[in-house]
>>> print(open('protein_14.txt').read())   # compact mmCIF, C-alpha atoms
# COMPACT_ATOMS: atom_id res chain seq x y z
CA MET Q 1 116.70 107.13 144.30
CA LYS Q 2 114.94 107.05 147.64
CA LYS Q 3 111.16 106.99 147.36
CA GLY Q 4 110.25 107.09 151.03
CA VAL Q 5 110.47 103.39 151.88
CA MET Q 6 112.30 103.19 155.23
CA ARG Q 7 112.61 99.61 156.37
CA PRO Q 8 111.17 96.11 156.50
CA GLY Q 9 108.26 96.46 158.89
CA HIS Q 10 106.57 93.11 159.18
CA ILE Q 11 106.26 89.60 157.82
CA GLN Q 12 103.23 87.34 158.24
CA ILE Q 13 104.31 83.69 158.38
CA ARG Q 14 102.01 80.67 158.08
CA VAL Q 15 102.54 77.95 160.67
CA LEU Q 16 100.95 74.53 161.06
CA ASP Q 17 100.76 74.63 164.86
CA MET Q 18 100.72 77.91 166.78
CA GLU Q 19 102.01 76.65 170.11
CA ALA Q 20 104.94 74.90 168.44
CA ALA Q 21 105.61 78.06 166.43
CA LEU Q 22 105.64 80.18 169.57
CA ALA Q 23 108.16 77.82 171.14
CA HIS Q 24 110.32 78.62 168.11
CA TYR Q 25 109.85 82.36 167.46
CA ARG Q 26 109.26 83.49 171.03
CA ASP Q 27 111.07 81.05 173.28
CA LEU Q 28 113.98 80.04 171.01
CA ILE Q 29 114.63 83.07 168.76
CA GLY Q 30 113.64 85.30 171.65
CA LEU Q 31 111.09 87.59 170.02
CA ILE Q 32 108.69 89.34 172.36
CA GLU Q 33 105.03 88.35 172.12
CA VAL Q 34 103.13 91.64 172.03
CA ASP Q 35 99.54 90.88 171.05
CA ARG Q 36 97.01 88.44 169.57
CA ASP Q 37 93.91 89.10 167.51
CA ASP Q 38 90.49 87.56 167.03
CA GLN Q 39 91.73 85.65 163.98
CA GLY Q 40 94.12 83.84 166.30
CA ARG Q 41 97.17 85.57 164.87
CA VAL Q 42 100.05 86.21 167.25
CA TYR Q 43 102.15 89.40 167.00
CA LEU Q 44 105.82 89.53 167.98
CA LYS Q 45 108.84 91.81 167.69
CA GLY Q 46 112.55 91.97 168.40
CA TRP Q 47 113.32 93.93 171.51
CA THR Q 48 115.08 96.86 169.75
CA GLU Q 49 112.21 97.55 167.36
CA VAL Q 50 110.25 100.68 168.16
CA ASP Q 51 107.06 99.78 166.31
CA LYS Q 52 104.50 97.52 167.95
CA PHE Q 53 105.22 94.34 165.99
CA SER Q 54 107.29 92.92 163.13
CA VAL Q 55 106.34 89.24 162.96
CA VAL Q 56 102.79 87.94 162.68
CA LEU Q 57 102.16 84.20 162.91
CA ARG Q 58 99.01 82.76 161.36
CA GLU Q 59 97.98 79.14 161.83
CA ALA Q 60 97.20 77.55 158.45
CA ASP Q 61 97.21 74.28 156.53
CA GLU Q 62 100.41 75.10 154.71
CA ALA Q 63 103.71 76.68 155.59
CA GLY Q 64 105.16 79.76 153.89
CA MET Q 65 104.75 83.50 153.88
CA ASP Q 66 101.56 85.54 153.45
CA PHE Q 67 103.21 88.94 152.89
CA VAL Q 68 106.06 91.25 153.82
CA GLY Q 69 105.41 94.89 154.73
CA TYR Q 70 107.67 97.94 154.47
CA LYS Q 71 107.18 101.15 156.37
CA VAL Q 72 107.26 104.41 154.41
CA VAL Q 73 108.00 107.85 155.82
CA ASP Q 74 104.51 109.36 155.63
CA ASN Q 75 101.07 109.16 154.07
CA GLN Q 76 102.06 111.41 151.17
CA ALA Q 77 104.74 108.92 150.15
CA LEU Q 78 102.18 106.13 150.59
CA ASP Q 79 99.73 107.84 148.22
CA THR Q 80 102.41 108.51 145.63
CA LEU Q 81 103.67 104.95 145.71
CA HIS Q 82 100.10 103.61 145.55
CA GLN Q 83 99.62 105.30 142.17
CA GLU Q 84 103.05 104.25 140.91
CA LEU Q 85 102.35 100.63 141.81
CA LEU Q 86 99.14 100.77 139.77
CA ASP Q 87 101.02 102.37 136.89
CA PHE Q 88 103.64 99.63 137.03
CA GLY Q 89 100.90 97.04 136.53
CA CYS Q 90 100.76 95.48 139.97
CA ASN Q 91 97.53 94.09 141.34
CA VAL Q 92 96.90 96.45 144.24
CA GLU Q 93 94.59 96.08 147.22
CA VAL Q 94 93.91 98.62 149.96
CA ILE Q 95 93.86 97.03 153.41
CA PRO Q 96 92.06 99.21 155.97
CA ALA Q 97 93.71 100.48 159.14
CA GLY Q 98 93.35 98.08 162.04
CA GLU Q 99 93.24 94.88 159.99
CA LEU Q 100 96.54 94.25 161.71
CA LYS Q 101 96.19 95.55 165.25
CA GLY Q 102 98.00 98.84 165.67
CA CYS Q 103 98.83 99.20 161.97
CA GLY Q 104 97.51 101.95 159.73
CA GLY Q 105 96.15 101.46 156.23
CA ARG Q 106 98.25 99.24 154.00
CA ILE Q 107 98.71 99.14 150.25
CA ARG Q 108 99.16 95.51 149.25
CA PHE Q 109 100.65 94.60 145.86
CA ASP Q 110 102.06 91.60 144.09
CA SER Q 111 105.42 91.15 142.42
CA PRO Q 112 106.51 89.29 139.28
CA THR Q 113 108.03 86.69 141.63
CA GLY Q 114 104.51 85.97 142.89
CA HIS Q 115 104.89 87.41 146.39
CA LEU Q 116 102.59 89.78 148.20
CA PHE Q 117 104.15 92.93 149.62
CA GLU Q 118 102.70 95.84 151.53
CA ILE Q 119 103.60 99.41 152.32
CA TYR Q 120 102.16 101.45 155.16
CA ALA Q 121 102.98 104.73 156.85
CA GLU Q 122 101.65 104.29 160.36
CA LYS Q 123 102.07 101.73 163.09
CA GLU Q 124 101.66 102.18 166.81
CA GLN Q 125 105.05 102.97 168.34
CA THR Q 126 105.40 101.17 171.62
CA GLY Q 127 109.15 101.80 171.83
CA LYS Q 128 111.99 99.39 172.41
CA TRP Q 129 110.97 96.58 174.71
CA GLY Q 130 112.20 96.94 178.26
CA VAL Q 131 114.32 100.08 177.79
CA GLY Q 132 113.27 103.71 177.56
CA ASP Q 133 114.08 106.52 175.15
CA VAL Q 134 115.85 108.65 177.74
CA ASN Q 135 119.14 107.52 179.29
CA PRO Q 136 118.45 103.98 178.09
CA GLU Q 137 120.21 100.97 179.56
CA ALA Q 138 122.27 98.77 177.20
CA TRP Q 139 119.72 95.98 177.04
CA PRO Q 140 116.66 94.83 178.92
CA ARG Q 141 116.66 91.99 181.42
CA GLY Q 142 114.28 89.12 180.88
CA LEU Q 143 115.09 88.33 177.24
CA THR Q 144 114.87 84.65 176.27
CA GLY Q 145 116.58 82.30 173.84
CA MET Q 146 118.72 83.86 171.12
CA ARG Q 147 117.63 87.38 172.16
CA ALA Q 148 117.10 88.44 168.55
CA THR Q 149 117.15 92.22 168.24
CA ARG Q 150 115.02 92.75 165.12
CA PHE Q 151 113.37 91.24 162.06
CA ASP Q 152 116.00 92.15 159.48
CA HIS Q 153 115.08 90.85 156.00
CA CYS Q 154 113.76 87.88 154.10
CA LEU Q 155 115.02 85.94 151.08
CA LEU Q 156 112.29 85.07 148.60
CA TYR Q 157 112.25 82.60 145.71
CA GLY Q 158 110.22 83.11 142.55
CA PRO Q 159 110.30 83.64 138.80
CA ASN Q 160 111.26 86.84 137.00
CA ILE Q 161 113.52 88.52 139.50
CA ALA Q 162 114.52 90.92 136.71
CA ASP Q 163 111.14 92.63 136.66
CA THR Q 164 110.94 92.40 140.42
CA LEU Q 165 114.16 94.40 140.52
CA LYS Q 166 112.53 97.02 138.30
CA LEU Q 167 109.58 97.16 140.68
CA PHE Q 168 111.71 97.52 143.78
CA LYS Q 169 114.22 99.89 142.20
CA GLU Q 170 112.11 102.14 140.01
CA VAL Q 171 108.89 102.24 142.01
CA LEU Q 172 109.99 101.64 145.60
CA GLY Q 173 113.46 103.21 145.45
CA PHE Q 174 115.54 100.25 146.60
CA ASP Q 175 119.19 99.88 145.46
CA LEU Q 176 120.80 96.74 144.13
CA ALA Q 177 123.53 96.11 146.71
CA GLU Q 178 124.75 92.64 145.72
CA GLN Q 179 124.07 90.16 142.95
CA VAL Q 180 125.03 86.77 141.54
CA VAL Q 181 125.48 86.77 137.76
CA ASP Q 182 126.08 83.81 135.44
CA ASP Q 183 128.33 83.54 132.37
CA ASN Q 184 125.57 84.88 130.12
CA GLY Q 185 125.08 87.94 132.27
CA THR Q 186 121.81 86.65 133.71
CA ARG Q 187 121.22 87.62 137.29
CA LEU Q 188 120.47 84.60 139.47
CA ALA Q 189 120.20 86.39 142.81
CA GLN Q 190 119.73 89.99 143.93
CA PHE Q 191 120.11 91.65 147.31
CA LEU Q 192 118.25 94.94 147.62
CA THR Q 193 118.45 97.67 150.21
CA CYS Q 194 116.37 100.70 151.14
CA SER Q 195 118.82 101.66 153.87
CA MET Q 196 122.52 101.17 154.62
CA LYS Q 197 122.08 97.46 155.28
CA ALA Q 198 123.48 94.98 152.76
CA HIS Q 199 119.96 93.69 152.25
CA ASP Q 200 116.45 94.62 153.24
CA VAL Q 201 115.07 91.97 150.88
CA ALA Q 202 116.68 89.41 148.59
CA PHE Q 203 115.43 87.34 145.65
CA ILE Q 204 116.63 84.18 143.95
CA GLU Q 205 115.33 83.12 140.53
CA HIS Q 206 113.14 80.02 140.91
CA PRO Q 207 110.33 78.62 138.74
CA GLU Q 208 107.76 78.31 141.51
CA PRO Q 209 106.21 81.67 142.53
CA GLY Q 210 105.74 83.08 145.99
CA LYS Q 211 108.14 80.94 147.97
CA LEU Q 212 109.92 81.83 151.22
CA HIS Q 213 113.54 80.81 151.63
CA HIS Q 214 114.02 82.36 155.04
CA ALA Q 215 113.08 85.11 157.46
CA SER Q 216 116.10 86.61 159.16
CA PHE Q 217 116.70 88.11 162.56
CA PHE Q 218 119.65 90.20 163.68
CA LEU Q 219 122.03 89.38 166.52
CA ASP Q 220 124.76 91.64 167.85
CA SER Q 221 127.83 89.44 167.53
CA TRP Q 222 129.46 86.24 166.33
CA ASP Q 223 129.35 85.08 169.95
CA ASP Q 224 125.60 85.45 169.82
CA VAL Q 225 125.48 83.37 166.61
CA LEU Q 226 127.51 80.62 168.30
CA ARG Q 227 125.25 80.81 171.33
CA ALA Q 228 122.24 80.51 168.99
CA ALA Q 229 123.82 77.33 167.59
CA ASP Q 230 124.14 75.99 171.14
CA LEU Q 231 120.45 76.69 171.73
CA ILE Q 232 119.52 74.93 168.48
CA SER Q 233 121.25 71.80 169.77
CA MET Q 234 119.86 72.15 173.29
CA THR Q 235 116.31 72.30 171.93
CA ASP Q 236 116.87 69.60 169.25
CA THR Q 237 115.76 72.13 166.63
CA SER Q 238 116.06 71.18 162.95
CA LEU Q 239 119.41 72.62 161.81
CA ASP Q 240 119.98 73.59 158.21
CA ILE Q 241 123.55 74.87 158.12
CA GLY Q 242 126.03 76.87 160.17
CA PRO Q 243 127.35 78.61 162.07
CA THR Q 244 129.36 79.96 159.16
CA ARG Q 245 129.93 83.08 157.07
CA HIS Q 246 128.38 84.12 153.77
CA GLY Q 247 130.48 85.46 150.91
CA LEU Q 248 127.45 87.47 149.83
CA THR Q 249 127.04 90.33 152.34
CA HIS Q 250 129.74 88.65 154.52
CA GLY Q 251 127.25 88.11 157.34
CA LYS Q 252 127.99 85.56 160.07
CA THR Q 253 125.06 83.23 160.16
CA ILE Q 254 123.18 80.09 161.11
CA TYR Q 255 120.08 78.62 159.46
CA PHE Q 256 117.47 76.40 161.05
CA PHE Q 257 113.82 75.49 160.57
CA ASP Q 258 110.70 76.35 162.51
CA PRO Q 259 108.43 73.41 163.43
CA SER Q 260 106.35 74.00 160.27
CA GLY Q 261 109.35 73.91 157.94
CA ASN Q 262 109.86 77.64 157.41
CA ARG Q 263 113.55 78.46 157.45
CA SER Q 264 114.86 80.97 159.99
CA GLU Q 265 118.22 82.74 160.00
CA VAL Q 266 119.94 84.59 162.79
CA PHE Q 267 123.05 86.53 161.80
CA SER Q 268 125.45 89.26 162.81
CA GLY Q 269 127.67 91.68 160.94
CA GLY Q 270 127.46 92.14 157.20
CA ASP Q 271 128.49 94.80 154.73
CA TYR Q 272 126.97 98.25 154.33
CA HIS Q 273 125.71 100.10 151.29
CA TYR Q 274 125.49 103.78 150.33
CA PRO Q 275 123.46 104.94 147.32
CA ASP Q 276 126.62 105.72 145.32
CA HIS Q 277 128.04 102.21 145.76
CA GLU Q 278 128.23 99.98 142.70
CA PRO Q 279 126.59 96.58 143.22
CA VAL Q 280 128.89 93.90 144.59
CA THR Q 281 128.95 91.02 142.11
CA TRP Q 282 129.58 87.34 142.70
CA THR Q 283 130.02 85.19 139.61
CA ALA Q 284 128.05 81.97 139.33
CA ASP Q 285 131.21 79.86 139.06
CA LYS Q 286 132.01 81.00 142.63
CA LEU Q 287 128.48 80.40 143.91
CA GLY Q 288 129.64 77.92 146.54
CA LYS Q 289 131.96 80.48 148.09
CA ALA Q 290 129.39 83.24 147.63
CA ILE Q 291 126.89 81.35 149.72
CA PHE Q 292 129.13 79.60 152.25
CA TYR Q 293 132.46 81.37 152.39
CA HIS Q 294 134.25 78.63 154.34
CA ASP Q 295 132.84 75.40 152.87
CA ARG Q 296 132.94 76.79 149.31
CA GLN Q 297 130.54 74.01 148.33
CA LEU Q 298 127.02 74.23 147.01
CA ASN Q 299 124.52 72.77 149.42
CA GLU Q 300 121.49 71.29 147.74
CA ARG Q 301 119.21 71.58 150.73
CA PHE Q 302 120.07 75.22 151.29
CA LEU Q 303 119.49 76.03 147.63
CA ASN Q 304 116.33 74.03 147.03
CA VAL Q 305 114.31 73.78 150.22
CA VAL Q 306 111.70 76.54 150.46
CA SER Q 307 108.27 76.90 152.03
CA MET A 1 96.11 53.54 160.01
CA THR A 2 95.15 56.54 162.08
CA GLN A 3 96.01 60.18 161.62
CA SER A 4 97.19 62.82 164.03
CA ALA A 5 97.84 60.64 167.08
CA THR A 6 100.61 61.40 169.53
CA THR A 7 103.55 59.07 169.82
CA ALA A 8 103.91 59.23 173.58
CA ASP A 9 101.98 56.06 174.26
CA ILE A 10 103.87 53.86 171.81
CA PRO A 11 106.24 51.47 173.60
CA LYS A 12 109.92 51.62 172.58
CA GLN A 13 110.34 49.29 169.70
CA ILE A 14 112.38 49.05 166.53
CA TYR A 15 110.78 48.74 163.11
CA GLN A 16 112.30 47.68 159.84
CA ILE A 17 111.80 50.23 157.09
CA ARG A 18 112.33 49.07 153.52
CA VAL A 19 112.95 51.85 151.00
CA LEU A 20 112.23 49.98 147.79
CA ASN A 21 113.34 52.51 145.20
CA ARG A 22 116.72 52.92 146.88
CA ASP A 23 117.09 49.22 147.67
CA ARG A 24 117.84 50.06 151.31
CA VAL A 25 116.60 48.84 154.66
CA TYR A 26 117.03 50.68 157.95
CA LEU A 27 115.82 50.33 161.50
CA CYS A 28 113.64 53.10 162.93
CA GLU A 29 112.98 53.49 166.62
CA ALA A 30 109.33 53.81 167.60
CA GLY A 31 108.51 57.40 168.45
CA LYS A 32 110.92 58.74 165.82
CA SER A 33 109.68 59.92 162.45
CA LEU A 34 110.79 57.89 159.44
CA LEU A 35 113.09 60.77 158.50
CA ILE A 36 114.74 61.35 161.88
CA GLY A 37 115.09 57.57 162.31
CA MET A 38 116.83 57.39 158.96
CA GLU A 39 119.17 60.28 159.79
CA GLN A 40 120.08 58.68 163.11
CA VAL A 41 121.44 55.57 161.43
CA ASN A 42 122.91 57.54 158.52
CA ALA A 43 120.93 55.50 156.01
CA ASP A 44 120.75 58.27 153.39
CA CYS A 45 117.79 56.96 151.42
CA ILE A 46 115.23 59.77 151.86
CA ASP A 47 116.09 63.37 150.95
CA VAL A 48 116.15 65.63 154.01
CA GLY A 49 114.64 69.10 153.95
CA CYS A 50 113.08 71.12 156.78
CA ARG A 51 112.09 68.13 158.97
CA GLY A 52 108.91 70.03 159.85
CA GLY A 53 106.29 69.10 157.27
CA GLY A 54 106.62 72.32 155.30
CA CYS A 55 108.96 71.85 152.35
CA GLY A 56 107.97 68.54 150.74
CA MET A 57 111.53 67.32 150.22
CA CYS A 58 110.97 64.02 152.06
CA LYS A 59 107.75 63.08 150.25
CA ILE A 60 107.30 59.31 150.20
CA ARG A 61 104.69 56.81 149.13
CA ILE A 62 103.71 54.28 151.75
CA LEU A 63 103.24 50.78 150.33
CA GLU A 64 102.94 48.65 153.46
CA GLY A 65 102.76 49.04 157.19
CA ASP A 66 100.99 50.90 159.98
CA PHE A 67 101.83 54.43 160.93
CA GLN A 68 100.59 57.69 162.36
CA THR A 69 101.11 61.14 160.93
CA LYS A 70 101.29 64.70 162.21
CA LYS A 71 100.08 67.76 160.33
CA MET A 72 101.72 68.27 156.92
CA SER A 73 101.66 71.30 154.64
CA LYS A 74 98.65 71.00 152.28
CA SER A 75 100.70 72.39 149.43
CA HIS A 76 102.73 69.16 149.50
CA ILE A 77 100.26 66.61 150.85
CA GLY A 78 96.70 67.33 149.79
CA ASP A 79 93.69 65.10 150.42
CA LYS A 80 94.28 63.27 147.14
CA ASP A 81 97.90 62.58 148.12
CA VAL A 82 96.77 61.11 151.44
CA SER A 83 94.29 58.80 149.73
CA GLU A 84 97.01 57.66 147.34
CA GLY A 85 99.37 56.81 150.17
CA PHE A 86 101.69 59.80 149.98
CA ALA A 87 103.09 61.37 153.12
CA LEU A 88 106.11 63.30 154.37
CA ALA A 89 108.67 61.08 156.09
CA CYS A 90 109.37 63.79 158.68
CA ARG A 91 105.75 63.61 159.87
CA THR A 92 105.22 59.84 159.61
CA PHE A 93 105.72 57.67 162.68
CA PRO A 94 105.86 53.90 162.12
CA SER A 95 103.88 51.49 164.30
CA SER A 96 104.92 48.38 162.38
CA ASP A 97 107.53 47.39 159.84
CA MET A 98 106.99 49.43 156.69
CA ALA A 99 107.73 49.46 152.98
CA ILE A 100 108.01 52.86 151.32
CA GLU A 101 109.22 54.63 148.18
CA SER A 102 111.19 57.85 148.57
CA ASP A 103 112.05 60.51 145.94
CA HIS A 104 108.52 61.77 145.38
CA VAL A 105 109.50 65.39 145.86
CA ARG A 106 107.38 67.57 143.63
CA THR A 107 109.04 69.25 140.71
CA ALA A 108 108.60 72.98 140.95
CA ALA A 109 105.75 74.40 138.95
CA VAL A 110 106.88 76.57 136.08
CA ASN A 111 104.99 79.61 134.79
CA CYS A 112 104.91 82.90 136.57
CA CYS A 113 102.95 86.06 136.35
CA ASN A 114 101.34 86.36 132.93
CA ARG A 115 99.15 89.13 134.30
CA TYR A 116 102.07 91.50 133.86
CA PRO A 117 102.35 93.63 130.75
CA GLU A 118 103.86 91.80 127.83
CA SER A 119 106.71 94.26 127.66
CA LEU A 120 107.73 93.20 131.14
CA ASN A 121 107.32 89.51 130.46
CA ASN A 122 109.56 89.72 127.45
CA GLN A 123 112.33 91.05 129.57
CA ALA A 124 112.03 88.14 131.95
CA THR A 125 114.15 85.97 129.73
CA ASN A 126 116.55 88.76 128.95
CA ASN A 127 117.70 90.28 132.20
CA LYS A 128 121.20 91.02 131.03
CA ASP A 129 121.07 94.58 132.23
CA ASN A 130 122.56 93.65 135.56
CA ALA A 131 125.36 95.93 136.65
CA GLU A 132 124.80 98.93 134.43
CA ASP A 133 121.38 99.84 135.78
CA LYS A 134 122.66 101.43 138.96
>>> encode(input="protein_14.txt", output="structure tokens")
Amino acid sequence: MKKGVMRPGHIQIRVLDMEAALAHYRDLIGLIEVDRDDQGRVYLKGWTEVDKFSVVLREADEAGMDFVGYKVVDNQALDTLHQELLDFGCNVEVIPAGELKGCGGRIRFDSPTGHLFEIYAEKEQTGKWGVGDVNPEAWPRGLTGMRATRFDHCLLYGPNIADTLKLFKEVLGFDLAEQVVDDNGTRLAQFLTCSMKAHDVAFIEHPEPGKLHHASFFLDSWDDVLRAADLISMTDTSLDIGPTRHGLTHGKTIYFFDPSGNRSEVFSGGDYHYPDHEPVTWTADKLGKAIFYHDRQLNERFLNVVS
Amino acid sequence: MTQSATTADIPKQIYQIRVLNRDRVYLCEAGKSLLIGMEQVNADCIDVGCRGGGCGMCKIRILEGDFQTKKMSKSHIGDKDVSEGFALACRTFPSSDMAIESDHVRTAAVNCCNRYPESLNNQATNNKDNAEDK
């Protein structure tokens, strides 16, 4: 049941070197740099996103993810969810408006997987970058690199994805769109949506809490994914795997690493989900095909390397 | 041994890298990290992860030799690790022949969120309610 959560709104990623990170997220992936703050954080977005920013980079001593934020429809939904998060047993913190520039008050909470999430209702709307709202052109000139259109989702690793599903489903109103289930009926991976997308967030069961597997950005076409692969070679960027297709969600994809070791994905296509759809299930004995539909082989680095 | 230097001023040279635990030797070009150098000659004796100092997969212990390092994620190489000779091969640049041990990747910490209500924790090991809870 929908509870007013609309979409992934932002992710704050820790990087070891800001200039190197900007060469990756801005110049290679093609996000637009929109602002910086007095903490030294840099704010970026994909050009189709209407809100001010969706990616925040913070220079730190370790790689990984600080938090992921989701935008809710209004402040009433925010207040309701705030109470329900407390009732669920989350540790909840209220972050005042303006702590992220242009963002309203945020409700931050933790998950059984050991990640920090946020919900918020208000963020400055600066519109799509380079095109207007009225009689808009197809795309703006002046985009760089892979020309990523939006921050799409992230895949997170941590323990107790079962209770994290309860949190996202019962409190936040996400649906289980896809899953990987083993012979004993234990769910190893879950892909959750608050929209029609195959995933707005995904989790894989993992003993270490709070880990980031990847942050993902959307491209329009398979041609764009192939072109992204060309750019990865041209810039001697650390390649993980691809271009290929996933069995899960059927997205066409390539994975690579930022200069701090955080994994990035750019992808196109993918399945859709309506609230009356049953979850799509992949069985663990077909995990190779579920992850890489063509190779049909498990890839240790893809499964085990997280930041 | 110095930390955090650039590699631009090192003349092109080839160093012999002995990976004792794997009983392998490979040649690494100056200016390349131990990991990239190993990948270039397909030596396959250090596990490859992100190649960016963030994931810890290529954690090694340095036994002999001179080198420089770039910034590494503290969650994998803390101050104690540095003093004990640990480093990430992707961020270690040789300036002499070296002897190292690979396969020091950290095993993932177990234990999750015991702050959650016991009723929830109990279900953690019993999440068999997968498809029916639509």
>>> residues_around(input="protein_14.txt", residues="Gly85 in chain A", least_positions_apart="3", cutoff="12 Å", atoms="all atoms listed in the file", output="list in words")
Met1, Lys59, Ile60, Arg61, Ile62, Leu63, Glu64, Gly65, Asp66, Phe67, Thr69, Ile77, Gly78, Asp79, Lys80, Asp81, Val82, Leu88, Ala89, Thr92, Ala99, Ile100, Glu101, Ser102 and His104 of chain A
>>> write_last_selection(input="protein_14.txt", atoms="C-alpha atoms", output="CSV table (one decimal), in the frame of the given file")
chain,number,residue,atom,x,y,z
A,1,MET,CA,96.1,53.5,160.0
A,59,LYS,CA,107.8,63.1,150.2
A,60,ILE,CA,107.3,59.3,150.2
A,61,ARG,CA,104.7,56.8,149.1
A,62,ILE,CA,103.7,54.3,151.8
A,63,LEU,CA,103.2,50.8,150.3
A,64,GLU,CA,102.9,48.6,153.5
A,65,GLY,CA,102.8,49.0,157.2
A,66,ASP,CA,101.0,50.9,160.0
A,67,PHE,CA,101.8,54.4,160.9
A,69,THR,CA,101.1,61.1,160.9
A,77,ILE,CA,100.3,66.6,150.8
A,78,GLY,CA,96.7,67.3,149.8
A,79,ASP,CA,93.7,65.1,150.4
A,80,LYS,CA,94.3,63.3,147.1
A,81,ASP,CA,97.9,62.6,148.1
A,82,VAL,CA,96.8,61.1,151.4
A,88,LEU,CA,106.1,63.3,154.4
A,89,ALA,CA,108.7,61.1,156.1
A,92,THR,CA,105.2,59.8,159.6
A,99,ALA,CA,107.7,49.5,153.0
A,100,ILE,CA,108.0,52.9,151.3
A,101,GLU,CA,109.2,54.6,148.2
A,102,SER,CA,111.2,57.8,148.6
A,104,HIS,CA,108.5,61.8,145.4
>>> axis_aligned_box(input="protein_14.txt", around="range 39-53 of chain A", padding_each_side="5 Å", output="JSON")
{"center_x": 114.6, "center_y": 63.3, "center_z": 157.0, "size_x": 26.6, "size_y": 25.6, "size_z": 22.2}
>>> interface_residues(input="protein_14.txt", of="chain Q", to="chain A", cutoff="9 Å", atoms="all atoms listed in the file", output="compact mmCIF listing (two decimals) with C-alpha atoms, in the coordinates of the input")
# COMPACT_ATOMS: atom_id res chain seq x y z
CA VAL Q 15 102.54 77.95 160.67
CA LEU Q 16 100.95 74.53 161.06
CA ASP Q 17 100.76 74.63 164.86
CA ALA Q 60 97.20 77.55 158.45
CA ASP Q 61 97.21 74.28 156.53
CA GLU Q 62 100.41 75.10 154.71
CA ALA Q 63 103.71 76.68 155.59
CA GLY Q 64 105.16 79.76 153.89
CA PHE Q 88 103.64 99.63 137.03
CA GLY Q 89 100.90 97.04 136.53
CA CYS Q 90 100.76 95.48 139.97
CA ASN Q 91 97.53 94.09 141.34
CA SER Q 111 105.42 91.15 142.42
CA PRO Q 112 106.51 89.29 139.28
CA THR Q 113 108.03 86.69 141.63
CA GLY Q 114 104.51 85.97 142.89
CA GLY Q 158 110.22 83.11 142.55
CA PRO Q 159 110.30 83.64 138.80
CA ASN Q 160 111.26 86.84 137.00
CA ILE Q 161 113.52 88.52 139.50
CA ALA Q 162 114.52 90.92 136.71
CA ASP Q 163 111.14 92.63 136.66
CA ASP Q 175 119.19 99.88 145.46
CA LEU Q 176 120.80 96.74 144.13
CA GLN Q 179 124.07 90.16 142.95
CA VAL Q 181 125.48 86.77 137.76
CA ASN Q 184 125.57 84.88 130.12
CA GLY Q 185 125.08 87.94 132.27
CA THR Q 186 121.81 86.65 133.71
CA ARG Q 187 121.22 87.62 137.29
CA HIS Q 206 113.14 80.02 140.91
CA PRO Q 207 110.33 78.62 138.74
CA GLU Q 208 107.76 78.31 141.51
CA PRO Q 209 106.21 81.67 142.53
CA SER Q 238 116.06 71.18 162.95
CA LEU Q 239 119.41 72.62 161.81
CA ASP Q 240 119.98 73.59 158.21
CA PHE Q 256 117.47 76.40 161.05
CA PHE Q 257 113.82 75.49 160.57
CA ASP Q 258 110.70 76.35 162.51
CA PRO Q 259 108.43 73.41 163.43
CA SER Q 260 106.35 74.00 160.27
CA GLY Q 261 109.35 73.91 157.94
CA ASN Q 262 109.86 77.64 157.41
CA ARG Q 263 113.55 78.46 157.45
CA ASP Q 276 126.62 105.72 145.32
CA HIS Q 277 128.04 102.21 145.76
CA GLU Q 278 128.23 99.98 142.70
CA PRO Q 279 126.59 96.58 143.22
CA VAL Q 280 128.89 93.90 144.59
CA THR Q 281 128.95 91.02 142.11
CA ARG Q 301 119.21 71.58 150.73
CA PHE Q 302 120.07 75.22 151.29
CA ASN Q 304 116.33 74.03 147.03
CA VAL Q 305 114.31 73.78 150.22
CA VAL Q 306 111.70 76.54 150.46
CA SER Q 307 108.27 76.90 152.03
>>> closest_residue(input="protein_14.txt", among="Q:Cys103, Q:Leu155, Q:Leu167, Q:Ile95", to="Gln125 in chain Q", atoms="all atoms listed in the file")
Q:Cys103
>>> residues_around(input="protein_14.txt", residues="Arg245 in chain Q", least_positions_apart="6", cutoff="10 Å", atoms="all atoms listed in the file", output="number ranges by chain")
Q: 222, 251-254, 267-270, 289-295
>>> residues_near_point(input="protein_14.txt", point="(121.0, 90.0, 165.1)", cutoff="6 Å", atoms="all atoms listed in the file", output="list in words")
Ala148, Thr149, Phe217, Phe218, Leu219, Asp220, Val266, Phe267 and Ser268 of chain Q
>>> write_last_selection(input="protein_14.txt", atoms="C-alpha atoms", output="mmCIF file, in the frame of the given file")
data_model
loop_
_atom_site.group_PDB
_atom_site.id
_atom_site.type_symbol
_atom_site.label_atom_id
_atom_site.label_comp_id
_atom_site.auth_asym_id
_atom_site.auth_seq_id
_atom_site.Cartn_x
_atom_site.Cartn_y
_atom_site.Cartn_z
ATOM 1 C CA ALA Q 148 117.100 88.440 168.550
ATOM 2 C CA THR Q 149 117.150 92.220 168.240
ATOM 3 C CA PHE Q 217 116.700 88.110 162.560
ATOM 4 C CA PHE Q 218 119.650 90.200 163.680
ATOM 5 C CA LEU Q 219 122.030 89.380 166.520
ATOM 6 C CA ASP Q 220 124.760 91.640 167.850
ATOM 7 C CA VAL Q 266 119.940 84.590 162.790
ATOM 8 C CA PHE Q 267 123.050 86.530 161.800
ATOM 9 C CA SER Q 268 125.450 89.260 162.810
#
>>> closest_residue(input="protein_14.txt", among="A:Lys12, A:Cys90, A:Ile17, A:Val105", to="Gly31 in chain A", atoms="all atoms listed in the file")
A:Lys12
>>> residues_near_point(input="protein_14.txt", point="(105.6, 98.3, 151.2)", cutoff="6 Å", atoms="only C-alpha atoms", output="JSON list (two decimals) with C-alpha atoms, keeping the file's coordinate frame")
[["chain", "number", "residue", "atom", "x", "y", "z"],
["Q", 69, "GLY", "CA", 105.41, 94.89, 154.73],
["Q", 70, "TYR", "CA", 107.67, 97.94, 154.47],
["Q", 117, "PHE", "CA", 104.15, 92.93, 149.62],
["Q", 118, "GLU", "CA", 102.70, 95.84, 151.53],
["Q", 119, "ILE", "CA", 103.60, 99.41, 152.32]]
